[in-house]
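**Student:** If you scroll down you'll find the structure; I have some questions about it.
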Amino acid sequence: MSAPVPSSQEAVPAAAILYLFAAGILFSCLDSSAKYLVLQGIPPAFVSWMRFVEHALLVLIFFRGWANPGLFRVKSLKLQLLRGLCLFGSTYFNFYALQTMQLGETITITFAAPMVIAALAGPLLGEWAGWRRWAAIIVAFIGVLIIARPGFGAFNPGLPYSVASMVSYSLYVLLTRHMAATESPQSLIFFSALAPAILISPAITQAVIPQTPLQIVLLLMLGFFGGVGHYLIILAYRRASTAALAPYPFLQIVWMLAFGYFFFGQFPDVYTLLGAVIVIGSGLYVVHREHRLRTRS
């Protein structure tokens, strides 16, 4: 009999691909809705707060929180709050960046997160990157520089916020990896929404009354886009390995480019597209390399 095929080469279940496909659409809807709302004058902090409040309510209803005390049981409340704050930073900075940046530009910078995670995993988790992964990190940084083109043309004021969003998301992933062994998946999902909703509750003072039915609908749909999108990702990774699914999240850039063109009349220039190819290629290599190292271990 032939030896079993490694998990990275297994046929990926169609359901897992469809879940990631749908999650990418939902996240693109989330960013597009947020971009429209902040361009309409609604403060990014209030838009972020609405997104997390709705997300927390959906999780509470879905997991029947009134009959599920495990949803509220945590080992480290401080780490839960810190993780939630990192997720808020990722969302808030991204929404702020979308005021001046295109959807395709922000998602490309977000795709640099695997490299930042690989770099920070050493000092924070003791998972030190080798020279190959550091080479991929440097190449990805070059890709971001191609997108930003510092010193060439007008500087986009949203770029620092997009980079801050990506770094915040990287810290969120590292904290999730650290807490996964001690915290239940349900509590991680719930507190990732509840913590930022509580921590940024002062954003209510920045509330702006929606002026059109479309603004009301989009504000109420933010939590659905984000919450269901995260849940679909969980379902996908329950059916296939991380390495097997690694290429598919990058398909979200297709939706972001399409949404940016059809809804905002924007399309990235050749430098942004070139930088996107470099960043995505580096990210795929880092994911592949980490899988090989785990397989050897």
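If you're wondering about the labels, chains in the structure tokens are A, B, ... by order shown, residues count from 1 in each chain, ligands from 1 in order shown.
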Any idea what's packed within 10 Å of A:Phe21, counting only C-alpha atoms, ignoring anything in its chain fewer than 4 positions away? Could you give it as a list in words?
**Tutor:**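 Here the answer would be Ala15, Ala16, Ile17, Ile25, Leu26, Gly229, Leu232, Ile233, Ala236, Tyr248, Pro249, Phe250, Leu251, Gln252 and Trp255 of chain A.
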**Student:** Calculated over only C-alpha atoms, which of the candidates A:Thr110, A:Phe190, A:Ala164, A:Leu30 has the smallest distance to A:Ile61?
**Tutor:** A:Phe190
**Student:** Identify which of the residues A:Leu159, A:Ala180, A:Ala112, A:Ile42 lies closest to A:Ala136, counting only C-alpha atoms when measuring atom-to-atom distances.
**Tutor:** A:Ala112
**Student:** Can you pull out every residue within 9 Å of A:Ser32, counting only C-alpha atoms, but drop anything in the same chain fewer than 2 positions away, and send it as a PyMOL selection string?
**Tutor:** chain A and resi 27-30+34-37+98+103+256+259-260+263-264
